[in-house]
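Reviewing the structure listed below.
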Amino acid sequence: MGKNYKGLSLQVIPYSEIERLTISERVKKVLTLILANKIIIIQGRLRAEEEARLIEDTMAMVDHIKNFKGIELAVIEPDMRDKGFMFKMKHSIARSLVGESSALTIIGPCSIVKEIKKDPKKMEVLLS
Amino acid sequence: MVLRILKNFSKRILNSIFGRKESVKIGFYGPPNAGKTSLANRICQDWTGEEIGNVSNVPHETRHVQFKEKVEIKHKGKTMTFKIIDTPGIATKIDYEEFIKFGVKKGEAKKRAKEATQGIIESIQWLDDMEAVVIVLDATESPYSQVNITIIGNLVARKIPVLIVANKIDLKKADIKKIESTFPDYEVVGISAKDGTNMEEFYEALFRLAKKA
């Protein structure tokens with residue numbers, strides 16, 4: 001009998017793959033992968049309105065899909081590593097208006113990703 | 001639609017002539033359990049003698065948008081009228097089992113979770129109706145949450161002026177400086193909605209915010 005290994009499925013989405021999609025298409029793509037229990041790493045970030053739509057659609061799914069409890073979401077900006085965390089936060093909001101291809105967005109189902117902790121020095125992804 | 005535009009236009013003309021809006025719609029937004037309703041209650045109690053909603057330690061106590069019309073606030077000889085809009089806390093996940101930990105029975109916890117998901121959707125949909133927004137954050141919690149960035153990003157996109165309130169400064173763990181340095185472009189006022197600490201400074205900031213609306 002084979003031994004059972006616990007796996008973690010990460011899906012990387014290049015910016016080019018979502019660049020031309022509409023808000024609905026982007027959010028649908030993300031949520032389809034989330035429902036397949038994948039942790040997604042998007043090259044780039046969603047616009048503020050897309051993040052809001054993602055939260056809305058996630059809540060609608062929590063309401064309708066058994067055992068689905070939501071997502072964890074975080075954005076990191078590797079290009080600004082030398083600028084200091086506060087500088088990054090200041091520009092983070094402005095960037096969220098237009099989307100940003102150099103940032104990285106991590107989204108996971110909360111059944112797998114218990115918490116994403118961000119502080120000035122590090123980001124921790126805590127798994128369930 | 002045309003009527004609405006005309007109404008807004010005439011309102012703006014009147015405002016520019018008389019320098020004062022008849023009422024400013026102020027939304028209270030933020031994550032769950034930050035104290036949005038506690039603050040809205042304190043304001044409404046101070047100026048109308050009535051509360052706006054229930055508060056509780058159990059997250060997502062507010063699951064519907066609730067509001068109080070014509071709240072007339074007097075501060076340093078000036079008077080402004082507000083429509084206070086208290087919104088459900090915005091989160092990316094809802095787990096009914098979290099409510100059970102607070103002693104809520106399973107059936108009630110499931111019902112609460114269902115209502116909470118709808119409340120979050122309602123909160124987001126109400127963003128378009130706000131003229132100014134007070135973001136209430138728990139000063140004892142980390143402010144680096146993506147939900148906070150998402151809320152502020154959406155307000156900036158809609159050109160809605162923002163004031164950040166660091167609530168619960170009566171608690172030892174409270175760290176206003178962390179919130180100030182996280183959001184350096186915004187005015188941050190530290191208060192305790194529970195015991196009323198710093199409410200004068202809050203009203204001062206609220207009047208400044210309303211003038212931008």
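Ordering of the structure tokens sets the chain letters (A, B, ...); residue numbers start at 1 within each chain; ligands are numbered from 1 in the order shown.
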Exercise for the section: Name all residues at most 12 Å from Val30 of chain A (count only C-alpha atoms; drop same-chain ones fewer than 2 positions away) and give them as a PyMOL selection string. Expected result: chain A and resi 11-13+17-18+21+23-28+32-42+46+50-51+53-55+57-58+71+73+105-109
Problem - Interface list for chain B, partner chain A, 8 Å threshold, only C-alpha atoms, as a PyMOL selection string - result: chain B and resi 91-95+114+117-118+120-121+124+142+144-146+149-154+156-157+181-185
Practice task
Mind giving me the straight-line distance from atom CA of Asn33 of chain B to atom CA of Glu201 of chain B in Å, one decimal?
Solution key: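 Taking atom CA of Asn33 of chain B as the start and atom CA of Glu201 of chain B as the end point, the length is 22.3 Å.
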Determine, counting only C-alpha atoms, which protein, DNA and RNA residues have an atom within 6 Å of an atom of Ile191 of chain B; residues of the same chain fewer than 6 positions away are not included. Present the result as a compact mmCIF listing (two decimals) with N, CA and C atoms, in the first residue's frame.
# COMPACT_ATOMS: atom_id res chain seq x y z
N ASN B 167 -9.17 53.14 17.25
CA ASN B 167 -10.05 52.96 18.41
C ASN B 167 -9.39 52.06 19.47
N ILE B 169 -7.95 53.02 22.37
CA ILE B 169 -6.68 53.49 22.93
C ILE B 169 -6.66 53.39 24.46
N THR B 197 -12.71 58.78 25.45
CA THR B 197 -11.44 59.50 25.39
C THR B 197 -11.21 60.13 24.02
N ASN B 198 -10.81 61.39 24.03
CA ASN B 198 -10.42 62.12 22.81
C ASN B 198 -11.56 62.40 21.82
Exercise for the section: Identify, with DSSP run on backbone atoms, the residues in segment 9-201 of chain B assigned to strand (DSSP E), and express the list as a PyMOL selection string. Expected result: chain B and resi 24-29+66-75+78-86+132-138+162-167+188-190
Exercise for the section: List every residue of segment 4-170 of chain B that DSSP, applied to the backbone of this structure, places in helix (DSSP H, G or I), and write the result as a ChimeraX atom specification. Expected result: /B:4-18,36-48,96-100,106-129,146-157
Practice task
Could you tell me which of B:Glu97, B:Glu187, B:Glu180, B:Glu61 comes closest to Ala116 of chain B if we count only C-alpha atoms?
Solution key: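 Once distances to Ala116 of chain B are computed over only C-alpha atoms, the minimum belongs to B:Glu61.
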Residues near Trp47 of chain B, cut-off 10 Å, only C-alpha atoms, skip fewer than 4 positions along chain, as a PDB file with C-alpha atoms, in the first residue's frame:
ATOM      1  CA  ASN B  41     -23.495  54.885  19.158  1.00  0.00           C
ATOM      2  CA  ARG B  42     -21.403  57.368  21.136  1.00  0.00           C
ATOM      3  CA  ILE B  43     -21.959  60.078  18.512  1.00  0.00           C
ATOM      4  CA  GLU B  51     -28.164  54.567  19.919  1.00  0.00           C
ATOM      5  CA  LYS B  70     -30.193  64.354  10.897  1.00  0.00           C
ATOM      6  CA  VAL B  71     -27.594  64.052  13.621  1.00  0.00           C
ATOM      7  CA  GLU B  72     -26.819  67.658  14.442  1.00  0.00           C
ATOM      8  CA  ILE B  73     -23.366  68.061  15.952  1.00  0.00           C
ATOM      9  CA  LYS B  74     -22.179  71.283  17.572  1.00  0.00           C
TER      10      LYS B  74
END
Practice task
Could you give me, as a PyMOL selection string, the residues within 8 Å of segment 127-129 of chain B, counting only C-alpha atoms and dropping anything in the same chain fewer than 6 positions from it?
Solution key: chain B and resi 25+155+158
Completion exercise
A straight line from atom CA of Val65 of chain B to atom CA of Trp126 of chain B spans 8.3 Å
Handout entry: Exercise: segment 205-212 of chain B partners within 12 Å, only C-alpha atoms, chain neighbours under 6 positions left out, as a PyMOL selection string
Key = chain B and resi 15-16+19-28+43+72-84+130-135+159-165+186-191+198-199
Completion exercise
What separates atom CA of Asp86 of chain B and atom CA of Val104 of chain B is a distance of 23.5 Å
Exercise for the section: Excluding Lys194 of chain B and any residue of its chain fewer than 6 positions from it, enumerate the residues within 9 Å of it, using only C-alpha atoms, and give them as a ChimeraX atom specification. Expected result: /B:35,38-39,42,167-168,170
